[in-house]
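Visitor: File protein27.pdb below, PDB, C-alpha atoms, pLDDT in the B column:
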ATOM      1  CA  MET A   1      -7.573-149.780  94.228  1.00 67.00           C
ATOM      2  CA  THR A   2      -6.437-148.861  90.741  1.00 84.00           C
ATOM      3  CA  THR A   3      -8.114-145.729  89.529  1.00 92.00           C
ATOM      4  CA  ALA A   4      -8.560-143.946  86.242  1.00 94.00           C
ATOM      5  CA  ILE A   5      -9.038-140.227  85.834  1.00 96.00           C
ATOM      6  CA  GLU A   6     -11.636-139.355  83.219  1.00 96.00           C
ATOM      7  CA  ILE A   7     -12.208-135.804  82.058  1.00 97.00           C
ATOM      8  CA  ASN A   8     -15.255-135.076  79.926  1.00 97.00           C
ATOM      9  CA  CYS A   9     -14.021-132.275  77.684  1.00 97.00           C
ATOM     10  CA  THR A  10     -17.530-131.177  76.761  1.00 95.00           C
ATOM     11  CA  THR A  11     -18.985-130.886  80.255  1.00 96.00           C
ATOM     12  CA  GLY A  12     -15.740-130.347  82.149  1.00 94.00           C
ATOM     13  CA  GLU A  13     -16.721-133.091  84.558  1.00 95.00           C
ATOM     14  CA  LEU A  14     -13.786-134.914  86.130  1.00 95.00           C
ATOM     15  CA  THR A  15     -14.336-138.431  87.448  1.00 94.00           C
ATOM     16  CA  GLU A  16     -12.008-140.700  89.395  1.00 93.00           C
ATOM     17  CA  ARG A  17     -13.206-144.276  89.144  1.00 92.00           C
ATOM     18  CA  GLU A  18     -11.930-147.833  89.431  1.00 91.00           C
ATOM     19  CA  LEU A  19     -10.708-149.454  86.244  1.00 90.00           C
ATOM     20  CA  THR A  20     -13.278-151.589  84.476  1.00 90.00           C
ATOM     21  CA  ALA A  21     -12.599-155.305  84.025  1.00 91.00           C
ATOM     22  CA  ALA A  22     -11.724-154.684  80.374  1.00 89.00           C
ATOM     23  CA  GLU A  23      -9.339-151.882  81.302  1.00 88.00           C
ATOM     24  CA  SER A  24      -7.678-154.049  83.945  1.00 90.00           C
ATOM     25  CA  ALA A  25      -7.258-156.877  81.437  1.00 90.00           C
ATOM     26  CA  GLN A  26      -5.795-154.455  78.885  1.00 88.00           C
ATOM     27  CA  ARG A  27      -3.449-153.082  81.518  1.00 88.00           C
ATOM     28  CA  GLU A  28      -2.169-156.582  82.282  1.00 89.00           C
ATOM     29  CA  ALA A  29      -1.742-157.313  78.576  1.00 88.00           C
ATOM     30  CA  ASP A  30       0.142-154.034  78.123  1.00 84.00           C
ATOM     31  CA  ALA A  31       2.434-154.858  81.040  1.00 84.00           C
ATOM     32  CA  LYS A  32       3.217-158.291  79.625  1.00 86.00           C
ATOM     33  CA  ALA A  33       3.862-156.868  76.173  1.00 83.00           C
ATOM     34  CA  ALA A  34       6.165-154.218  77.638  1.00 79.00           C
ATOM     35  CA  ALA A  35       8.065-156.822  79.660  1.00 82.00           C
ATOM     36  CA  ASP A  36       8.436-159.059  76.598  1.00 85.00           C
ATOM     37  CA  GLN A  37       9.659-156.110  74.534  1.00 80.00           C
ATOM     38  CA  LYS A  38      12.162-155.124  77.204  1.00 78.00           C
ATOM     39  CA  THR A  39      13.509-158.683  77.312  1.00 86.00           C
ATOM     40  CA  ALA A  40      13.898-158.667  73.531  1.00 85.00           C
ATOM     41  CA  ASP A  41      15.517-155.215  73.552  1.00 79.00           C
ATOM     42  CA  ASP A  42      17.926-156.195  76.329  1.00 84.00           C
ATOM     43  CA  LYS A  43      18.930-159.346  74.440  1.00 90.00           C
ATOM     44  CA  ALA A  44      19.444-157.406  71.227  1.00 86.00           C
ATOM     45  CA  ALA A  45      21.601-154.862  73.038  1.00 83.00           C
ATOM     46  CA  ALA A  46      23.629-157.582  74.759  1.00 89.00           C
ATOM     47  CA  ASP A  47      24.136-159.435  71.472  1.00 92.00           C
ATOM     48  CA  LYS A  48      25.273-156.231  69.786  1.00 88.00           C
ATOM     49  CA  ALA A  49      27.686-155.436  72.609  1.00 86.00           C
ATOM     50  CA  ALA A  50      29.110-158.950  72.501  1.00 91.00           C
ATOM     51  CA  LYS A  51      29.673-158.711  68.748  1.00 93.00           C
ATOM     52  CA  ARG A  52      31.378-155.355  69.180  1.00 89.00           C
ATOM     53  CA  LEU A  53      33.682-156.758  71.874  1.00 88.00           C
ATOM     54  CA  ALA A  54      34.514-159.701  69.641  1.00 91.00           C
ATOM     55  CA  VAL A  55      35.590-157.298  66.905  1.00 92.00           C
ATOM     56  CA  TYR A  56      37.695-155.309  69.363  1.00 90.00           C
ATOM     57  CA  ALA A  57      39.340-158.534  70.515  1.00 89.00           C
ATOM     58  CA  LYS A  58      40.181-159.467  66.917  1.00 92.00           C
ATOM     59  CA  LEU A  59      41.734-156.047  66.416  1.00 92.00           C
ATOM     60  CA  GLY A  60      43.808-156.446  69.561  1.00 92.00           C
ATOM     61  CA  LEU A  61      42.719-153.128  71.067  1.00 88.00           C
ATOM     62  CA  THR A  62      43.616-152.179  74.645  1.00 86.00           C
ATOM     63  CA  ALA A  63      40.945-151.326  77.222  1.00 83.00           C
ATOM     64  CA  ASP A  64      41.825-147.617  76.903  1.00 87.00           C
ATOM     65  CA  GLU A  65      41.448-147.771  73.138  1.00 87.00           C
ATOM     66  CA  ILE A  66      38.081-149.511  73.454  1.00 84.00           C
ATOM     67  CA  ALA A  67      36.951-146.849  75.925  1.00 82.00           C
ATOM     68  CA  ALA A  68      38.051-144.118  73.524  1.00 85.00           C
ATOM     69  CA  LEU A  69      35.953-145.641  70.754  1.00 80.00           C
ATOM     70  CA  ALA A  70      32.918-145.744  73.038  1.00 72.00           C
ATOM     71  CA  ASP A  71      33.064-142.005  73.799  1.00 58.00           C
TER      72      ASP A  71
ATOM     73  CA  MET B   1       0.187-122.325  61.148  1.00 53.00           C
ATOM     74  CA  ALA B   2      -1.604-122.472  64.432  1.00 60.00           C
ATOM     75  CA  ASN B   3      -2.322-119.106  65.961  1.00 72.00           C
ATOM     76  CA  THR B   4      -4.761-119.886  68.754  1.00 85.00           C
ATOM     77  CA  TYR B   5      -4.359-122.080  71.799  1.00 90.00           C
ATOM     78  CA  THR B   6      -7.356-122.876  73.974  1.00 94.00           C
ATOM     79  CA  LEU B   7      -7.154-124.995  77.096  1.00 96.00           C
ATOM     80  CA  ILE B   8      -9.844-127.642  76.672  1.00 97.00           C
ATOM     81  CA  ALA B   9      -9.236-129.564  79.905  1.00 97.00           C
ATOM     82  CA  SER B  10      -6.548-130.492  82.387  1.00 96.00           C
ATOM     83  CA  SER B  11      -5.897-132.883  85.211  1.00 96.00           C
ATOM     84  CA  THR B  12      -3.554-133.056  88.169  1.00 96.00           C
ATOM     85  CA  VAL B  13      -3.186-136.508  89.688  1.00 96.00           C
ATOM     86  CA  GLY B  14      -4.105-136.768  93.340  1.00 94.00           C
ATOM     87  CA  LEU B  15      -2.639-138.663  96.261  1.00 92.00           C
ATOM     88  CA  LEU B  16      -3.961-142.074  95.178  1.00 91.00           C
ATOM     89  CA  GLY B  17      -2.332-141.905  91.744  1.00 94.00           C
ATOM     90  CA  ALA B  18      -4.011-142.926  88.506  1.00 96.00           C
ATOM     91  CA  ALA B  19      -3.484-145.797  86.093  1.00 94.00           C
ATOM     92  CA  SER B  20      -4.719-143.686  83.220  1.00 95.00           C
ATOM     93  CA  ILE B  21      -5.718-140.154  82.315  1.00 97.00           C
ATOM     94  CA  ASP B  22      -8.570-140.140  79.868  1.00 96.00           C
ATOM     95  CA  PHE B  23      -9.790-137.081  77.958  1.00 98.00           C
ATOM     96  CA  THR B  24     -13.239-137.950  76.597  1.00 97.00           C
ATOM     97  CA  SER B  25     -15.884-136.149  74.503  1.00 97.00           C
ATOM     98  CA  ILE B  26     -13.269-133.936  72.873  1.00 98.00           C
ATOM     99  CA  PRO B  27     -15.114-131.358  70.767  1.00 96.00           C
ATOM    100  CA  SER B  28     -14.369-131.329  67.036  1.00 95.00           C
ATOM    101  CA  THR B  29     -14.294-127.548  66.834  1.00 94.00           C
ATOM    102  CA  TYR B  30     -10.522-127.142  66.653  1.00 95.00           C
ATOM    103  CA  THR B  31      -7.994-127.806  63.917  1.00 94.00           C
ATOM    104  CA  ASP B  32      -5.319-129.591  65.948  1.00 96.00           C
ATOM    105  CA  LEU B  33      -4.805-130.955  69.444  1.00 97.00           C
ATOM    106  CA  LEU B  34      -1.826-130.410  71.705  1.00 97.00           C
ATOM    107  CA  LEU B  35      -1.186-132.353  74.899  1.00 97.00           C
ATOM    108  CA  LYS B  36       1.413-131.303  77.424  1.00 97.00           C
ATOM    109  CA  VAL B  37       2.164-133.900  80.075  1.00 97.00           C
ATOM    110  CA  SER B  38       4.413-133.872  83.116  1.00 97.00           C
ATOM    111  CA  ALA B  39       4.488-137.343  84.613  1.00 96.00           C
ATOM    112  CA  ARG B  40       6.133-139.575  87.138  1.00 95.00           C
ATOM    113  CA  ASP B  41       5.460-143.321  87.239  1.00 94.00           C
ATOM    114  CA  SER B  42       4.998-145.561  90.290  1.00 94.00           C
ATOM    115  CA  THR B  43       7.011-148.315  88.628  1.00 90.00           C
ATOM    116  CA  ALA B  44      10.107-149.373  90.602  1.00 90.00           C
ATOM    117  CA  ALA B  45      12.649-148.470  87.934  1.00 88.00           C
ATOM    118  CA  SER B  46      14.425-145.400  86.639  1.00 88.00           C
ATOM    119  CA  ARG B  47      11.965-145.183  83.749  1.00 89.00           C
ATOM    120  CA  GLY B  48       8.495-146.368  82.861  1.00 90.00           C
ATOM    121  CA  ALA B  49       6.747-146.563  79.511  1.00 90.00           C
ATOM    122  CA  PHE B  50       4.303-143.863  78.458  1.00 93.00           C
ATOM    123  CA  SER B  51       1.601-144.706  75.919  1.00 94.00           C
ATOM    124  CA  ILE B  52      -1.215-143.036  74.032  1.00 96.00           C
ATOM    125  CA  ARG B  53      -4.427-144.430  72.593  1.00 96.00           C
ATOM    126  CA  PHE B  54      -7.122-142.734  70.545  1.00 97.00           C
ATOM    127  CA  ASN B  55     -10.851-143.331  70.995  1.00 97.00           C
ATOM    128  CA  GLY B  56     -10.132-146.116  73.477  1.00 93.00           C
ATOM    129  CA  SER B  57      -8.880-148.350  70.692  1.00 94.00           C
ATOM    130  CA  SER B  58      -6.345-151.046  71.555  1.00 92.00           C
ATOM    131  CA  ALA B  59      -6.597-152.690  68.130  1.00 94.00           C
ATOM    132  CA  PHE B  60      -3.303-153.093  66.307  1.00 95.00           C
ATOM    133  CA  ASN B  61      -3.658-149.998  64.128  1.00 96.00           C
ATOM    134  CA  TYR B  62      -0.821-147.874  65.412  1.00 97.00           C
ATOM    135  CA  SER B  63       2.638-147.492  63.926  1.00 97.00           C
ATOM    136  CA  MET B  64       5.583-145.265  64.728  1.00 95.00           C
ATOM    137  CA  LYS B  65       9.129-144.240  63.978  1.00 96.00           C
ATOM    138  CA  GLU B  66      11.244-143.304  66.953  1.00 94.00           C
ATOM    139  CA  LEU B  67      14.597-141.651  67.518  1.00 95.00           C
ATOM    140  CA  ARG B  68      15.884-141.829  71.054  1.00 91.00           C
ATOM    141  CA  ASP B  69      18.858-141.229  73.298  1.00 91.00           C
ATOM    142  CA  VAL B  70      19.103-143.591  76.260  1.00 87.00           C
ATOM    143  CA  ASP B  71      21.893-142.654  78.662  1.00 84.00           C
ATOM    144  CA  GLY B  72      23.988-141.345  75.794  1.00 83.00           C
ATOM    145  CA  THR B  73      23.346-144.126  73.309  1.00 84.00           C
ATOM    146  CA  ALA B  74      21.359-143.103  70.253  1.00 89.00           C
ATOM    147  CA  SER B  75      19.073-145.527  68.465  1.00 89.00           C
ATOM    148  CA  SER B  76      16.089-145.561  66.186  1.00 92.00           C
ATOM    149  CA  THR B  77      13.282-147.959  65.500  1.00 90.00           C
ATOM    150  CA  GLY B  78      10.197-148.324  63.358  1.00 93.00           C
ATOM    151  CA  VAL B  79       7.274-150.581  64.191  1.00 93.00           C
ATOM    152  CA  THR B  80       3.833-151.261  62.767  1.00 95.00           C
ATOM    153  CA  GLY B  81       0.757-153.106  64.009  1.00 94.00           C
ATOM    154  CA  GLN B  82       0.987-151.825  67.572  1.00 93.00           C
ATOM    155  CA  SER B  83      -1.891-151.549  70.051  1.00 93.00           C
ATOM    156  CA  GLU B  84      -0.850-148.047  71.170  1.00 94.00           C
ATOM    157  CA  ILE B  85       1.582-145.279  70.361  1.00 95.00           C
ATOM    158  CA  ASP B  86       4.776-145.403  72.358  1.00 91.00           C
ATOM    159  CA  GLY B  87       4.991-141.881  73.724  1.00 91.00           C
ATOM    160  CA  GLY B  88       8.429-142.358  75.250  1.00 90.00           C
ATOM    161  CA  ARG B  89       9.124-142.730  78.947  1.00 91.00           C
ATOM    162  CA  THR B  90       8.157-141.312  82.309  1.00 92.00           C
ATOM    163  CA  VAL B  91      10.352-141.050  85.388  1.00 92.00           C
ATOM    164  CA  GLY B  92      10.162-144.074  87.705  1.00 92.00           C
ATOM    165  CA  THR B  93      10.571-144.276  91.466  1.00 92.00           C
ATOM    166  CA  THR B  94      14.307-145.019  91.474  1.00 90.00           C
ATOM    167  CA  ALA B  95      15.045-141.784  89.608  1.00 90.00           C
ATOM    168  CA  THR B  96      15.859-138.588  91.451  1.00 90.00           C
ATOM    169  CA  ALA B  97      13.044-137.708  93.860  1.00 91.00           C
ATOM    170  CA  SER B  98      10.466-135.171  92.727  1.00 91.00           C
ATOM    171  CA  THR B  99      11.618-135.196  89.106  1.00 92.00           C
ATOM    172  CA  PHE B 100       9.190-135.702  86.248  1.00 93.00           C
ATOM    173  CA  GLY B 101       9.216-136.591  82.576  1.00 94.00           C
ATOM    174  CA  ASN B 102       7.864-134.145  80.020  1.00 96.00           C
ATOM    175  CA  VAL B 103       5.914-135.151  76.938  1.00 96.00           C
ATOM    176  CA  GLU B 104       4.378-133.002  74.223  1.00 97.00           C
ATOM    177  CA  ILE B 105       1.993-134.612  71.755  1.00 97.00           C
ATOM    178  CA  TYR B 106       0.759-132.735  68.698  1.00 97.00           C
ATOM    179  CA  VAL B 107      -2.130-134.192  66.704  1.00 97.00           C
ATOM    180  CA  PRO B 108      -2.948-132.249  63.523  1.00 96.00           C
ATOM    181  CA  ASN B 109      -6.333-132.543  61.810  1.00 95.00           C
ATOM    182  CA  TYR B 110      -7.655-134.729  64.633  1.00 97.00           C
ATOM    183  CA  ALA B 111     -11.268-134.327  63.519  1.00 96.00           C
ATOM    184  CA  GLY B 112     -10.630-135.073  59.854  1.00 95.00           C
ATOM    185  CA  SER B 113     -11.475-138.200  57.915  1.00 95.00           C
ATOM    186  CA  THR B 114      -7.974-139.437  57.162  1.00 95.00           C
ATOM    187  CA  ALA B 115      -5.479-141.436  59.224  1.00 97.00           C
ATOM    188  CA  LYS B 116      -4.224-139.480  62.235  1.00 97.00           C
ATOM    189  CA  SER B 117      -0.603-138.604  62.842  1.00 97.00           C
ATOM    190  CA  ALA B 118       0.989-137.583  66.119  1.00 97.00           C
ATOM    191  CA  SER B 119       4.307-135.829  66.684  1.00 97.00           C
ATOM    192  CA  ILE B 120       5.754-136.524  70.105  1.00 97.00           C
ATOM    193  CA  ASP B 121       8.776-135.221  71.937  1.00 96.00           C
ATOM    194  CA  ASN B 122       9.740-136.507  75.336  1.00 96.00           C
ATOM    195  CA  VAL B 123      12.536-135.726  77.787  1.00 95.00           C
ATOM    196  CA  LEU B 124      13.104-137.059  81.287  1.00 90.00           C
ATOM    197  CA  GLU B 125      14.326-134.793  84.011  1.00 78.00           C
ATOM    198  CA  ASN B 126      16.549-136.728  86.377  1.00 78.00           C
ATOM    199  CA  ASN B 127      19.540-134.632  87.467  1.00 76.00           C
ATOM    200  CA  SER B 128      21.900-137.578  87.144  1.00 77.00           C
ATOM    201  CA  THR B 129      23.887-139.497  84.557  1.00 79.00           C
ATOM    202  CA  THR B 130      20.843-141.500  83.491  1.00 80.00           C
ATOM    203  CA  TYR B 131      18.574-139.711  81.108  1.00 84.00           C
ATOM    204  CA  TYR B 132      16.278-140.265  78.193  1.00 90.00           C
ATOM    205  CA  SER B 133      14.944-138.306  75.272  1.00 93.00           C
ATOM    206  CA  ASN B 134      12.717-139.419  72.472  1.00 94.00           C
ATOM    207  CA  LEU B 135      11.169-138.143  69.260  1.00 97.00           C
ATOM    208  CA  THR B 136       8.287-140.100  67.795  1.00 96.00           C
ATOM    209  CA  ALA B 137       6.300-139.867  64.602  1.00 97.00           C
ATOM    210  CA  GLY B 138       3.153-141.874  65.314  1.00 97.00           C
ATOM    211  CA  LEU B 139       0.265-142.881  63.109  1.00 97.00           C
ATOM    212  CA  TRP B 140      -3.205-144.208  63.891  1.00 97.00           C
ATOM    213  CA  SER B 141      -4.423-145.715  60.643  1.00 97.00           C
ATOM    214  CA  LEU B 142      -8.154-145.418  61.390  1.00 96.00           C
ATOM    215  CA  THR B 143      -9.992-142.455  59.902  1.00 95.00           C
ATOM    216  CA  ASN B 144     -12.428-141.682  62.714  1.00 95.00           C
ATOM    217  CA  ALA B 145     -12.385-138.235  64.237  1.00 97.00           C
ATOM    218  CA  ILE B 146     -10.529-138.356  67.533  1.00 98.00           C
ATOM    219  CA  THR B 147     -12.899-137.776  70.430  1.00 97.00           C
ATOM    220  CA  GLN B 148     -10.904-139.463  73.165  1.00 98.00           C
ATOM    221  CA  VAL B 149      -7.224-139.539  74.156  1.00 98.00           C
ATOM    222  CA  THR B 150      -6.050-141.972  76.821  1.00 97.00           C
ATOM    223  CA  LEU B 151      -2.661-141.714  78.493  1.00 97.00           C
ATOM    224  CA  THR B 152      -1.167-144.646  80.378  1.00 95.00           C
ATOM    225  CA  CYS B 153       2.169-145.582  81.915  1.00 93.00           C
ATOM    226  CA  THR B 154       3.825-148.745  83.193  1.00 89.00           C
ATOM    227  CA  GLY B 155       2.578-148.420  86.743  1.00 91.00           C
ATOM    228  CA  SER B 156       0.408-145.499  87.749  1.00 94.00           C
ATOM    229  CA  PHE B 157       0.840-141.775  87.361  1.00 96.00           C
ATOM    230  CA  VAL B 158       1.856-140.485  90.778  1.00 96.00           C
ATOM    231  CA  GLN B 159       0.632-137.436  92.633  1.00 95.00           C
ATOM    232  CA  TYR B 160       1.274-134.076  90.940  1.00 96.00           C
ATOM    233  CA  SER B 161       1.574-135.577  87.475  1.00 97.00           C
ATOM    234  CA  THR B 162      -0.299-133.260  85.141  1.00 97.00           C
ATOM    235  CA  ALA B 163      -1.871-133.372  81.687  1.00 97.00           C
ATOM    236  CA  TYR B 164      -3.142-130.365  79.742  1.00 98.00           C
ATOM    237  CA  LEU B 165      -5.144-130.694  76.529  1.00 97.00           C
ATOM    238  CA  TYR B 166      -5.220-127.701  74.206  1.00 97.00           C
ATOM    239  CA  GLY B 167      -7.291-127.122  71.112  1.00 96.00           C
ATOM    240  CA  ILE B 168      -5.622-125.168  68.334  1.00 95.00           C
ATOM    241  CA  LYS B 169      -7.254-123.337  65.481  1.00 90.00           C
ATOM    242  CA  ASN B 170      -5.484-122.172  62.387  1.00 80.00           C
ATOM    243  CA  SER B 171      -7.594-119.037  62.120  1.00 75.00           C
TER     244      SER B 171
END
Go through the file and emit its structure as structure tokens.
Guide:
Amino acid sequence: MTTAIEINCTTGELTERELTAAESAQREADAKAAADQKTADDKAAADKAAKRLAVYAKLGLTADEIAALAD
Amino acid sequence: MANTYTLIASSTVGLLGAASIDFTSIPSTYTDLLLKVSARDSTAASRGAFSIRFNGSSAFNYSMKELRDVDGTASSTGVTGQSEIDGGRTVGTTATASTFGNVEIYVPNYAGSTAKSASIDNVLENNSTTYYSNLTAGLWSLTNAITQVTLTCTGSFVQYSTAYLYGIKNS
């Protein structure tokens, strides 16, 4: 069971209830959007790292020199 | 400058966890809102996303600028047309046991009739070489007074996660 905590700030009443169908659907949409964004971010980071390594290779840097630049 | 802090409401997540923490019927009698959150996420990763919505709206009216440090690598981003404000990250289940992520969200003039901004700072406790910190300037472009704040994460908030909502007056 997936629950939501709801606090009514006027009455102070705290309710723990199951998610509504709309909330469950939104939760699934959010999860998909987050996964898609992570995939895009990971690809962007990998592309950037690959470009950086290509530049290092052109410069003929040693592994120690590359590590020093990364610090 | 704010000079009063009043606890409006708080919640501590119980054993079953919670997919969301929802502060509803927020009175309009304060100047600003401040949320302090300590959270851990049930997601099976070192980190999980942490998000904020106002008035239950998931329409694409949120935008933000973020500056973050992920395991020592700094980056920044700016996005518009989002369905929520990215509040940073929470600690996931593969992070150090019993550690939590901290988030502070400041919402000035929440009951006014202009677009609503939110200043967010977020740091993950982890006691290891993986860490995360984040500063966010968020904007909700609708002009409604904020009466509801909903907090969500990737999985569910686990037991002992807490959220405190404060009302702040400038007089």
Visitor: For Gln148 (chain B), work out the shell of residues within 9 Å, counting all atoms listed in the file and skipping chain neighbours fewer than 5 positions away, then give it as a ChimeraX atom specification.
Guide: /B:22-26,53-56
Visitor: Could you write out as a list of chain:residue names the residues of chain A within 7 Å of chain B, counting all atoms listed in the file?
Guide: A:Thr2, A:Thr3, A:Ala4, A:Ile5, A:Glu6, A:Ile7, A:Asn8, A:Cys9, A:Thr10, A:Gly12, A:Ala31
Visitor: Print the selection's residues with C-alpha atoms to a file, as a compact mmCIF listing (two decimals), in the frame of the given file.
Guide:
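Final output, saved to result.txt:
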# COMPACT_ATOMS: atom_id res chain seq x y z
CA THR A 2 -6.44 -148.86 90.74
CA THR A 3 -8.11 -145.73 89.53
CA ALA A 4 -8.56 -143.95 86.24
CA ILE A 5 -9.04 -140.23 85.83
CA GLU A 6 -11.64 -139.35 83.22
CA ILE A 7 -12.21 -135.80 82.06
CA ASN A 8 -15.26 -135.08 79.93
CA CYS A 9 -14.02 -132.28 77.68
CA THR A 10 -17.53 -131.18 76.76
CA GLY A 12 -15.74 -130.35 82.15
CA ALA A 31 2.43 -154.86 81.04
Visitor: Report the distance between CA of Val123 (chain B) and CA of Tyr62 (chain B) in Å, rounded to one decimal place.
Guide: 21.9 Å
Visitor: Can you spell out as a PDB file with C-alpha atoms, in the frame of the given file the set of residues that the PyMOL selection byres ((chain B and resi 87) around 10) selects in the structure I just provided?
Guide:
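Done, and the output landed in out-v4.pdb:
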ATOM      1  CA  ALA B  49       6.747-146.563  79.511  1.00 90.00           C
ATOM      2  CA  PHE B  50       4.303-143.863  78.458  1.00 93.00           C
ATOM      3  CA  SER B  51       1.601-144.706  75.919  1.00 94.00           C
ATOM      4  CA  ILE B  52      -1.215-143.036  74.032  1.00 96.00           C
ATOM      5  CA  ARG B  53      -4.427-144.430  72.593  1.00 96.00           C
ATOM      6  CA  MET B  64       5.583-145.265  64.728  1.00 95.00           C
ATOM      7  CA  GLU B  66      11.244-143.304  66.953  1.00 94.00           C
ATOM      8  CA  GLU B  84      -0.850-148.047  71.170  1.00 94.00           C
ATOM      9  CA  ILE B  85       1.582-145.279  70.361  1.00 95.00           C
ATOM     10  CA  ASP B  86       4.776-145.403  72.358  1.00 91.00           C
ATOM     11  CA  GLY B  88       8.429-142.358  75.250  1.00 90.00           C
ATOM     12  CA  ARG B  89       9.124-142.730  78.947  1.00 91.00           C
ATOM     13  CA  THR B  90       8.157-141.312  82.309  1.00 92.00           C
ATOM     14  CA  VAL B 103       5.914-135.151  76.938  1.00 96.00           C
ATOM     15  CA  GLU B 104       4.378-133.002  74.223  1.00 97.00           C
ATOM     16  CA  ILE B 105       1.993-134.612  71.755  1.00 97.00           C
ATOM     17  CA  ALA B 118       0.989-137.583  66.119  1.00 97.00           C
ATOM     18  CA  SER B 119       4.307-135.829  66.684  1.00 97.00           C
ATOM     19  CA  ILE B 120       5.754-136.524  70.105  1.00 97.00           C
ATOM     20  CA  ASP B 121       8.776-135.221  71.937  1.00 96.00           C
ATOM     21  CA  ASN B 122       9.740-136.507  75.336  1.00 96.00           C
ATOM     22  CA  ASN B 134      12.717-139.419  72.472  1.00 94.00           C
ATOM     23  CA  LEU B 135      11.169-138.143  69.260  1.00 97.00           C
ATOM     24  CA  THR B 136       8.287-140.100  67.795  1.00 96.00           C
ATOM     25  CA  ALA B 137       6.300-139.867  64.602  1.00 97.00           C
ATOM     26  CA  GLY B 138       3.153-141.874  65.314  1.00 97.00           C
ATOM     27  CA  LEU B 151      -2.661-141.714  78.493  1.00 97.00           C
ATOM     28  CA  THR B 152      -1.167-144.646  80.378  1.00 95.00           C
ATOM     29  CA  CYS B 153       2.169-145.582  81.915  1.00 93.00           C
TER      30      CYS B 153
END
Visitor: Take CA of Thr77 (chain B) and CA of Ser24 (chain A) and report the distance between them in Å, one decimal.
Guide: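 We find that CA of Thr77 (chain B) and CA of Ser24 (chain A) lie 28.6 Å from each other.
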Visitor: Considering only C-alpha atoms, return as a list in words whatever protein or nucleic-acid residues lie within 6 Å of Leu139 (chain B), sequence-local ones (same chain, fewer than 4 positions apart) excluded.
Guide: Tyr62, Ser63, Lys116 and Ser117 of chain B
Visitor: In Å, how far is it from CA of Leu35 (chain B) to CA of Gly167 (chain B)?
Guide: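 Spanning CA of Leu35 (chain B) to CA of Gly167 (chain B) is a straight-line distance of 8.9 Å.
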Visitor: With the file shown as input, list the residues that the PyMOL selection byres ((chain B and resi 143) around 6) selects, as a ChimeraX atom specification.
Guide: /B:113-115,142,144
Visitor: Starting from the shown file, work through the PyMOL selection byres ((chain B and resi 6) around 7) and note down what comes out as an NGL selection string.
Guide: :B and (4-5 or 7-8 or 166-168)
Visitor: Quick one: everything within 12 Å of region 36-43 of chain A, counting only C-alpha atoms, minus sequence neighbours fewer than 2 positions away in the same chain. Send it as a list in words.
Guide: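 So, after excluding close chain neighbours, the residues are Ala29, Asp30, Ala31, Lys32, Ala33, Ala34, Ala45, Ala46, Asp47, Lys48, Ala49 and Ala50 of chain A; Arg47, Gly48, Ala49, Ser75, Thr77, Val79, Gln82 and Asp86 of chain B.
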Visitor: With N, CA and C atoms as the target, complete region 19-30 of chain A and hand it back as a PDB file, keeping the file's coordinate frame.
Guide:
ATOM      1  N   LEU A  19     -10.791-148.927  87.601  1.00 90.00           N
ATOM      2  CA  LEU A  19     -10.708-149.454  86.244  1.00 90.00           C
ATOM      3  C   LEU A  19     -11.798-150.491  86.030  1.00 90.00           C
ATOM      4  N   THR A  20     -12.329-150.532  84.815  1.00 90.00           N
ATOM      5  CA  THR A  20     -13.278-151.589  84.476  1.00 90.00           C
ATOM      6  C   THR A  20     -12.511-152.897  84.293  1.00 90.00           C
ATOM      7  N   ALA A  21     -13.255-154.002  84.229  1.00 91.00           N
ATOM      8  CA  ALA A  21     -12.599-155.305  84.025  1.00 91.00           C
ATOM      9  C   ALA A  21     -11.821-155.312  82.714  1.00 91.00           C
ATOM     10  N   ALA A  22     -12.410-154.725  81.677  1.00 89.00           N
ATOM     11  CA  ALA A  22     -11.724-154.684  80.374  1.00 89.00           C
ATOM     12  C   ALA A  22     -10.449-153.849  80.452  1.00 89.00           C
ATOM     13  N   GLU A  23     -10.533-152.733  81.169  1.00 88.00           N
ATOM     14  CA  GLU A  23      -9.339-151.882  81.302  1.00 88.00           C
ATOM     15  C   GLU A  23      -8.251-152.588  82.110  1.00 88.00           C
ATOM     16  N   SER A  24      -8.662-153.309  83.146  1.00 90.00           N
ATOM     17  CA  SER A  24      -7.678-154.049  83.945  1.00 90.00           C
ATOM     18  C   SER A  24      -7.006-155.125  83.102  1.00 90.00           C
ATOM     19  N   ALA A  25      -7.811-155.827  82.298  1.00 90.00           N
ATOM     20  CA  ALA A  25      -7.258-156.877  81.437  1.00 90.00           C
ATOM     21  C   ALA A  25      -6.292-156.274  80.416  1.00 90.00           C
ATOM     22  N   GLN A  26      -6.678-155.122  79.851  1.00 88.00           N
ATOM     23  CA  GLN A  26      -5.795-154.455  78.885  1.00 88.00           C
ATOM     24  C   GLN A  26      -4.503-154.018  79.548  1.00 88.00           C
ATOM     25  N   ARG A  27      -4.627-153.539  80.776  1.00 88.00           N
ATOM     26  CA  ARG A  27      -3.449-153.082  81.518  1.00 88.00           C
ATOM     27  C   ARG A  27      -2.482-154.241  81.743  1.00 88.00           C
ATOM     28  N   GLU A  28      -3.028-155.414  82.085  1.00 89.00           N
ATOM     29  CA  GLU A  28      -2.169-156.582  82.282  1.00 89.00           C
ATOM     30  C   GLU A  28      -1.518-157.002  80.968  1.00 89.00           C
ATOM     31  N   ALA A  29      -2.297-156.955  79.885  1.00 88.00           N
ATOM     32  CA  ALA A  29      -1.742-157.313  78.576  1.00 88.00           C
ATOM     33  C   ALA A  29      -0.644-156.333  78.176  1.00 88.00           C
ATOM     34  N   ASP A  30      -0.865-155.050  78.450  1.00 84.00           N
ATOM     35  CA  ASP A  30       0.142-154.034  78.123  1.00 84.00           C
ATOM     36  C   ASP A  30       1.428-154.286  78.918  1.00 84.00           C
TER      37      ASP A  30
END
